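Peer 1: Before I ask anything, here is the structure I am working with.
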Amino acid sequence: GNVSFSCLEPQVVPVTFLSSSSYLALPGPSGQDEVFVSFQFRTWNKEGLLLSSKLHQSSGGFLLYLSDGRVKINLHKMGRVLSDIAAGAGLNNGQWHSVSLSVRRNRISVRVDNDVTSFAHASIPLQIYSGDVFYFGGCPSSGNISECNTSFGGFQGCMRLISIGNKAVDMISVQQNGFGNFSDLQIDLCGITDRCLPNYCEHGGECSQSWNSFHCNCANTGYKGATCHYPIYEQSCEAYKHRGNTSGFYNIDSDGSGPLGPFLVYCNMTDATWTIIQHNNTNLTRLKSANRENPHTVFFKYSASLDQLQATINLADHCEQELAYYCKKSRLLDKSDGMPLSWWIGRTNETHTYWGGSLPSVQKCACGLEGSCIDSQHYCNCDADRDEWANDTGFLSYKDHLPVTEIVITDTDRPNSEAAYKLGPLLCRGDRTFWNSASFNTETSYLHFPTFHGELSADVSFFFKTTASSGVFLENLGIQDFIRIELHSPSEVIFSFDVGNGPSEVIVQSRNSLNDNQWHYVKAERNVKEASLQIDQLPQRSHSAPPDGHIRLQLNSQLFVG
């Protein structure tokens with residue numbers, strides 16, 4: 001006949017403790033001189049009661065609980081702590097962890113994840129005997145059960161493979177009321193939710209979580225708010241000057257709450273406000289012995305990435321960079337074949353042969369445009385190829401080509417041939433977003449823009465001044481969702497929105513009238529955790545989002561301003 005072998009895998013039945021009032025009560029081997037309990041758990045909470053029991057024929061008991069992500073056991077009698085030991089670390093990471101508790105012959109021990117390094121034990125000054133009920137995760141709210149009167153609350157998470165006295169607990173029998181009792185449990189399912197996946201913390205914010213919510217640690221990111229969305233630094237030197245700051249080093253965040261991070265610049269506010277961005281080679285550099293086969297190439301690294309530089313340049317009204325080329329028998333252009341002998345490369349990696357003070361695609365220097373070169377047959381002073389020092393110096397100011405990232409020089413290998421170059425820092429002034437004011441002269445005046453896209457997080461900020469007692473600043477509608485900021489009364493601004501959970505409002509009231517024809521600042525932000533509104537320097541008001549509601553803002557009409 002046929003012979004077959006099979007091993008029946010034990011059924012693993014997880015249990016979910018849904019709230020801080022959940023509990024599972026299981027009978028214990030009452031009166032025995034040893035206690036042995038083991039189980040596995042997973043949770044996001046740092047604190048919570050895992051197991052408690054009253055000792056047999058005494059007023060004492062023990063608590064096995066989580067504290068700051070560690071398993072601790074507390075043995076007490078008549079209000080006096082007899083033993084308090086801890087094991088493990090970082091056990092609130094959402095992974096399964098095993099715990100074994102053993103009390104026998106005046107000795108108590110606890111082991112976590114079967115790890116020798118996560119083992120703790122202690123001697124106790126009396127013989128103890130097991131009680132008749134073990135409470136997992138919490139205790140019934142009715143009745144005075146002293147061993148459950150803890151400050152850290154009930155356990156929220158999952159347990160499985162519960163064993164009492166080396167005997168596995170059949171959770172299906174418990175579910176069918178065969179023995180034990182429970183409240184607010186979900187049996188045969190671990191209903192834990194990873195609230196950090198996807199990670200809604202922006203700009204590198206570190207996500208941590210509990211059973212009900214997640215938290216973003218924004219330290220050292222340059223951003224703030226519930227999801228590290230809003231920049232703590234201004235977008236430009238112009239904005240710092242408007243706040244009353246003086247010349248100095250400042251971090252700027254050119255794209256605001258966008259993906260690019262902040263970087264350090266020097267703001268010169270003595271007259272016009274200049275943003276100064278340094279690179280790694282601002283000294284005058286002399287060179288010889290370069291030719292087309294062996295060119296001298298120098299690269300410039302800035303205190304910001306090329307994307308950050310581009311955002312800063314795009315934001316500015318004007319940018320410039322001084323480039324000086326000093327020459328002695330060192331030409332910039334070979335007139336015989338029309339080929340450049342030296343050139344520079346800009347942000348977009350394109351080669352340019354015009355020099356300081358000139359215009360793009362002209363292949364001249366400043367003296368060539370002005371008709372002032374030392375030799376009228378050439379368009380650059382250096383192309384006169386004289387055996388004495390001359391220079392072609394001026395500012396490059398075509399924004400799309402800035403900053404200079406590389407210079408290549410090839411004509412310094414002839415007798416008495418020598419050159420030197422010096423590249424100044426990138427200088428930018430103005431803020432195209434800061435002074436772009438608009439006047440709305442009638443009640444029907446408005447501006448309209450494409451649909452506002454801020455599905456998960458978005459912020460809006462602006463200055464306004466008015467004498468009107470009320471009016472809508474901006475509004476964008478969807479089928480059901482909407483977003484609106486309005487002056488509701490002379491002293492009240494309302495930020496209202498709907499992301500599918502019903503309309504919500506954040507209201508800021510000012511003691512002073514806001515329709516005093518003076519400039520006032522408004523900043524509104526909405527993300528998956530909260531919505532906030534701030535007016536001038538008044539305290540920011542916030543409204544928390546529901547923990548498990550809709551989170552995406554879905555709009556489909558135009559954005560109307562004014």
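Here's how to read the names in the structure tokens: chain A, B, ... by the order shown, residue numbers from 1 in each chain, ligand numbers from 1 in the order shown.
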So that I can check the surroundings of Tyr200 (chain A), please list as a ChimeraX atom specification every protein, DNA and RNA residue that reaches within 9 Å of it, counting only C-alpha atoms and ignoring chain neighbours fewer than 6 positions away.
Peer 2: /A:207,216,227-228,456-457,527-528
Peer 1: Output N, CA and C atoms of each residue in that selection to a file, as a JSON list (two decimals), in the first residue's frame.
Peer 2:
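Saved to out-v7.json:
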[["chain", "number", "residue", "atom", "x", "y", "z"],
["A", 207, "CYS", "N", 9.78, 59.78, 10.16],
["A", 207, "CYS", "CA", 8.43, 59.37, 10.56],
["A", 207, "CYS", "C", 8.48, 58.38, 11.71],
["A", 216, "CYS", "N", 6.05, 63.45, 12.58],
["A", 216, "CYS", "CA", 7.22, 63.77, 11.77],
["A", 216, "CYS", "C", 8.22, 64.57, 12.61],
["A", 227, "THR", "N", 3.96, 67.93, 8.84],
["A", 227, "THR", "CA", 4.58, 67.01, 7.89],
["A", 227, "THR", "C", 5.89, 67.58, 7.32],
["A", 228, "CYS", "N", 6.52, 68.52, 8.01],
["A", 228, "CYS", "CA", 7.78, 69.14, 7.56],
["A", 228, "CYS", "C", 7.63, 69.74, 6.17],
["A", 456, "LEU", "N", -1.98, 66.24, -1.33],
["A", 456, "LEU", "CA", -1.61, 65.78, 0.01],
["A", 456, "LEU", "C", -1.13, 66.91, 0.91],
["A", 457, "SER", "N", -0.45, 67.89, 0.35],
["A", 457, "SER", "CA", -0.01, 69.02, 1.16],
["A", 457, "SER", "C", 0.16, 70.23, 0.25],
["A", 527, "ASN", "N", -2.35, 69.80, 5.17],
["A", 527, "ASN", "CA", -1.69, 68.54, 4.87],
["A", 527, "ASN", "C", -2.53, 67.40, 5.43],
["A", 528, "VAL", "N", -2.01, 66.19, 5.39],
["A", 528, "VAL", "CA", -2.82, 65.03, 5.79],
["A", 528, "VAL", "C", -3.05, 64.98, 7.29]]
Peer 1: Find the nearest atom pair between each residue of region 342-400 of chain A and region 413-427 of chain A for residues within 10 Å, count only C-alpha atoms, give distances in Å to one decimal, sort rows by chain and ascending number, and present the table as JSON lines.
Peer 2:
{"residue": "A:Cys382", "atom": "CA", "partner": "A:Ala419", "partner_atom": "CA", "distance": 9.6}
{"residue": "A:Asp385", "atom": "CA", "partner": "A:Ser417", "partner_atom": "CA", "distance": 9.2}
{"residue": "A:Arg386", "atom": "CA", "partner": "A:Ser417", "partner_atom": "CA", "distance": 9.5}
{"residue": "A:Asp387", "atom": "CA", "partner": "A:Asn416", "partner_atom": "CA", "distance": 7.1}
{"residue": "A:Glu388", "atom": "CA", "partner": "A:Asn416", "partner_atom": "CA", "distance": 9.2}
{"residue": "A:Trp389", "atom": "CA", "partner": "A:Ala419", "partner_atom": "CA", "distance": 8.7}
{"residue": "A:Ala390", "atom": "CA", "partner": "A:Ala419", "partner_atom": "CA", "distance": 9.5}
{"residue": "A:Asn391", "atom": "CA", "partner": "A:Ala420", "partner_atom": "CA", "distance": 9.1}
{"residue": "A:Asp392", "atom": "CA", "partner": "A:Tyr421", "partner_atom": "CA", "distance": 9.8}
{"residue": "A:Thr393", "atom": "CA", "partner": "A:Lys422", "partner_atom": "CA", "distance": 9.3}
{"residue": "A:Phe395", "atom": "CA", "partner": "A:Gly424", "partner_atom": "CA", "distance": 9.2}
{"residue": "A:Leu396", "atom": "CA", "partner": "A:Leu426", "partner_atom": "CA", "distance": 9.8}
{"residue": "A:Ser397", "atom": "CA", "partner": "A:Leu427", "partner_atom": "CA", "distance": 9.5}
Peer 1: Work out how far CA of Gly138 (chain A) is from CA of Ala122 (chain A), in Å to one decimal.
Peer 2: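 Atom-to-atom, CA of Ala122 (chain A) and CA of Gly138 (chain A) are spaced 24.9 Å apart.
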Peer 1: Looking at only C-alpha atoms, which of A:Arg80, A:His279, A:Lys46, A:Arg107 is the one that sits closest to Phe152 (chain A)?
Peer 2: A:Lys46
Peer 1: Closest to Glu350 (chain A) among A:Val169, A:Leu197, A:Ile407, A:Ile192, using only C-alpha atoms?
Peer 2: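 Checking each of A:Val169, A:Leu197, A:Ile407, A:Ile192 against Glu350 (chain A), counting only C-alpha atoms, the winner is A:Ile407.
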Peer 1: Please, which residues of region 103-277 of chain A, numbered as in this document, come out helix (DSSP H, G or I) from DSSP, as a PyMOL selection string?
Peer 2: chain A and resi 116-118+146-148+171-175+237-242
Peer 1: For Thr282 (chain A), which residue among A:Leu50, A:Val493, A:Ala324, A:Ala311 is the nearest when counting only C-alpha atoms?
Peer 2: A:Ala324
Peer 1: Go through A:Asp84, A:Asp271, A:Asp536, A:Asp307 one by one, measure the shortest atom-to-atom distance of each to Lys241 (chain A) using only C-alpha atoms, and give the residue with the smallest value.
Peer 2: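 Result for the nearest residue to Lys241 (chain A): A:Asp271.
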Peer 1: Report as a PyMOL selection string all protein, DNA and RNA residues lying within 8 Å of region 342-349 of chain A, evaluated on only C-alpha atoms, omitting residues in the same chain fewer than 3 positions from it.
Peer 2: chain A and resi 306+331-333+352-354+400-411
Peer 1: Go through A:Tyr446, A:Phe134, A:Tyr302, A:Trp435 one by one, measure the shortest atom-to-atom distance of each to Ile162 (chain A) using only C-alpha atoms, and give the residue with the smallest value.
Peer 2: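 Of A:Tyr446, A:Phe134, A:Tyr302, A:Trp435, the one nearest Ile162 (chain A) is A:Phe134, counting only C-alpha atoms.
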Peer 1: Ranking A:Leu359, A:Leu341, A:Ile277, A:Leu533 by minimum distance to Ala290 (chain A) and counting only C-alpha atoms, which one comes first?
Peer 2: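 Of all the options, A:Leu341 lies closest to Ala290 (chain A).
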Peer 1: Name the residues of region 298-456 of chain A that come out as strand (DSSP E or B) in a backbone DSSP run; write them as a PyMOL selection string.
Peer 2: chain A and resi 298-299+302+318-328+333-334+339-340+342-345+351-352+390-396+406-409+418-423+426-429+447-449
Peer 1: I'd like the contact shell of Gly478 (chain A) - 10 Å cut-off, only C-alpha atoms, skipping same-chain residues fewer than 6 positions apart - returned as a PyMOL selection string.
Peer 2: chain A and resi 451+498-499+553-558
Peer 1: Can I get the selection written as an mmCIF file, in the first residue's frame, with N, CA and C atoms?
Peer 2:
data_model
loop_
_atom_site.group_PDB
_atom_site.id
_atom_site.type_symbol
_atom_site.label_atom_id
_atom_site.label_comp_id
_atom_site.auth_asym_id
_atom_site.auth_seq_id
_atom_site.Cartn_x
_atom_site.Cartn_y
_atom_site.Cartn_z
ATOM 1 N N THR A 451 -5.807 74.994 -12.225
ATOM 2 C CA THR A 451 -6.265 74.320 -11.004
ATOM 3 C C THR A 451 -5.142 74.208 -9.979
ATOM 4 N N ASP A 498 -12.767 71.305 2.059
ATOM 5 C CA ASP A 498 -13.445 70.009 2.175
ATOM 6 C C ASP A 498 -12.636 69.009 1.363
ATOM 7 N N VAL A 499 -12.181 67.929 2.010
ATOM 8 C CA VAL A 499 -11.450 66.875 1.303
ATOM 9 C C VAL A 499 -12.260 65.574 1.318
ATOM 10 N N LEU A 553 -6.931 66.168 -1.583
ATOM 11 C CA LEU A 553 -7.726 67.301 -2.031
ATOM 12 C C LEU A 553 -7.841 67.222 -3.548
ATOM 13 N N GLN A 554 -9.070 67.090 -4.062
ATOM 14 C CA GLN A 554 -9.295 66.888 -5.487
ATOM 15 C C GLN A 554 -10.121 68.047 -6.036
ATOM 16 N N LEU A 555 -9.457 68.912 -6.805
ATOM 17 C CA LEU A 555 -10.082 70.094 -7.386
ATOM 18 C C LEU A 555 -10.048 69.970 -8.909
ATOM 19 N N ASN A 556 -10.992 70.627 -9.580
ATOM 20 C CA ASN A 556 -11.003 70.515 -11.043
ATOM 21 C C ASN A 556 -11.315 71.827 -11.758
ATOM 22 N N SER A 557 -11.655 72.891 -11.032
ATOM 23 C CA SER A 557 -11.945 74.167 -11.689
ATOM 24 C C SER A 557 -10.700 75.040 -11.665
ATOM 25 N N GLN A 558 -10.828 76.258 -12.176
ATOM 26 C CA GLN A 558 -9.719 77.197 -12.108
ATOM 27 C C GLN A 558 -9.593 77.765 -10.699
#
Peer 1: Identify, on the basis of only C-alpha atoms, every residue whose closest approach to Asp459 (chain A) does not exceed 9 Å; exclude the query and any residue fewer than 4 positions from it along the same chain; express the result as a PyMOL selection string.
Peer 2: chain A and resi 229-230+257+454+523-527
Peer 1: Could you list, as an NGL selection string, every residue within 12 Å of Arg160 (chain A), counting only C-alpha atoms and ignoring same-chain residues fewer than 4 positions away?
Peer 2: :A and (10-17 or 24 or 38-42 or 96-99 or 136 or 168-172 or 186-190)
Peer 1: Dump N, CA and C atoms for the selected residues as an mmCIF file, in the first residue's frame?
Peer 2:
data_model
loop_
_atom_site.group_PDB
_atom_site.id
_atom_site.type_symbol
_atom_site.label_atom_id
_atom_site.label_comp_id
_atom_site.auth_asym_id
_atom_site.auth_seq_id
_atom_site.Cartn_x
_atom_site.Cartn_y
_atom_site.Cartn_z
ATOM 1 N N PRO A 10 0.867 23.933 13.509
ATOM 2 C CA PRO A 10 -0.059 24.540 14.489
ATOM 3 C C PRO A 10 -0.664 25.816 13.914
ATOM 4 N N GLN A 11 -1.948 25.986 14.182
ATOM 5 C CA GLN A 11 -2.641 27.167 13.661
ATOM 6 C C GLN A 11 -2.253 28.403 14.471
ATOM 7 N N VAL A 12 -1.800 29.422 13.772
ATOM 8 C CA VAL A 12 -1.427 30.679 14.421
ATOM 9 C C VAL A 12 -2.606 31.629 14.318
ATOM 10 N N VAL A 13 -3.153 31.978 15.462
ATOM 11 C CA VAL A 13 -4.336 32.845 15.494
ATOM 12 C C VAL A 13 -3.953 34.156 16.181
ATOM 13 N N PRO A 14 -3.690 35.210 15.403
ATOM 14 C CA PRO A 14 -3.356 36.496 16.037
ATOM 15 C C PRO A 14 -4.586 37.175 16.630
ATOM 16 N N VAL A 15 -4.335 38.069 17.554
ATOM 17 C CA VAL A 15 -5.387 38.829 18.232
ATOM 18 C C VAL A 15 -5.015 40.304 18.173
ATOM 19 N N THR A 16 -5.977 41.138 17.818
ATOM 20 C CA THR A 16 -5.733 42.575 17.766
ATOM 21 C C THR A 16 -6.430 43.257 18.934
ATOM 22 N N PHE A 17 -5.674 44.013 19.707
ATOM 23 C CA PHE A 17 -6.216 44.841 20.789
ATOM 24 C C PHE A 17 -6.494 46.217 20.174
ATOM 25 N N LEU A 24 -7.846 40.743 27.300
ATOM 26 C CA LEU A 24 -8.069 39.313 27.166
ATOM 27 C C LEU A 24 -7.774 38.682 28.517
ATOM 28 N N SER A 38 4.451 32.882 27.892
ATOM 29 C CA SER A 38 5.161 33.376 26.712
ATOM 30 C C SER A 38 4.152 33.787 25.641
ATOM 31 N N PHE A 39 4.538 34.728 24.807
ATOM 32 C CA PHE A 39 3.675 35.190 23.712
ATOM 33 C C PHE A 39 4.530 36.048 22.778
ATOM 34 N N GLN A 40 3.950 36.369 21.631
ATOM 35 C CA GLN A 40 4.559 37.314 20.699
ATOM 36 C C GLN A 40 3.644 38.524 20.554
ATOM 37 N N PHE A 41 4.253 39.691 20.327
ATOM 38 C CA PHE A 41 3.464 40.912 20.173
ATOM 39 C C PHE A 41 4.098 41.803 19.110
ATOM 40 N N ARG A 42 3.304 42.702 18.559
ATOM 41 C CA ARG A 42 3.803 43.766 17.675
ATOM 42 C C ARG A 42 2.943 45.005 17.891
ATOM 43 N N TRP A 96 7.166 41.605 14.867
ATOM 44 C CA TRP A 96 6.818 40.627 15.904
ATOM 45 C C TRP A 96 8.009 40.428 16.848
ATOM 46 N N HIS A 97 7.726 40.424 18.137
ATOM 47 C CA HIS A 97 8.735 40.169 19.164
ATOM 48 C C HIS A 97 8.186 39.143 20.150
ATOM 49 N N SER A 98 9.045 38.242 20.578
ATOM 50 C CA SER A 98 8.628 37.219 21.547
ATOM 51 C C SER A 98 9.067 37.610 22.955
ATOM 52 N N VAL A 99 8.240 37.250 23.931
ATOM 53 C CA VAL A 99 8.528 37.518 25.337
ATOM 54 C C VAL A 99 8.263 36.246 26.132
ATOM 55 N N PHE A 136 -4.276 39.956 29.671
ATOM 56 C CA PHE A 136 -3.400 40.390 28.585
ATOM 57 C C PHE A 136 -3.932 41.693 27.992
ATOM 58 N N ALA A 168 -0.196 25.895 25.025
ATOM 59 C CA ALA A 168 -0.669 26.905 24.077
ATOM 60 C C ALA A 168 -2.146 27.196 24.296
ATOM 61 N N VAL A 169 -2.512 28.452 24.177
ATOM 62 C CA VAL A 169 -3.903 28.880 24.331
ATOM 63 C C VAL A 169 -4.606 28.784 22.987
ATOM 64 N N ASP A 170 -5.758 28.115 22.976
ATOM 65 C CA ASP A 170 -6.564 27.973 21.762
ATOM 66 C C ASP A 170 -7.474 29.203 21.642
ATOM 67 N N MET A 171 -7.077 30.158 20.798
ATOM 68 C CA MET A 171 -7.830 31.411 20.695
ATOM 69 C C MET A 171 -9.181 31.215 20.000
ATOM 70 N N ILE A 172 -9.312 30.186 19.157
ATOM 71 C CA ILE A 172 -10.614 29.929 18.533
ATOM 72 C C ILE A 172 -11.632 29.516 19.600
ATOM 73 N N GLN A 186 -10.086 41.774 18.168
ATOM 74 C CA GLN A 186 -10.289 41.249 16.829
ATOM 75 C C GLN A 186 -9.476 39.960 16.753
ATOM 76 N N ILE A 187 -10.161 38.830 16.720
ATOM 77 C CA ILE A 187 -9.491 37.533 16.782
ATOM 78 C C ILE A 187 -9.323 36.958 15.379
ATOM 79 N N ASP A 188 -8.193 36.332 15.141
ATOM 80 C CA ASP A 188 -7.818 35.727 13.864
ATOM 81 C C ASP A 188 -7.402 36.767 12.823
ATOM 82 N N LEU A 189 -6.940 37.912 13.281
ATOM 83 C CA LEU A 189 -6.450 38.945 12.364
ATOM 84 C C LEU A 189 -5.568 39.920 13.132
ATOM 85 N N CYS A 190 -4.430 40.262 12.543
ATOM 86 C CA CYS A 190 -3.621 41.347 13.104
ATOM 87 C C CYS A 190 -3.917 42.611 12.307
#
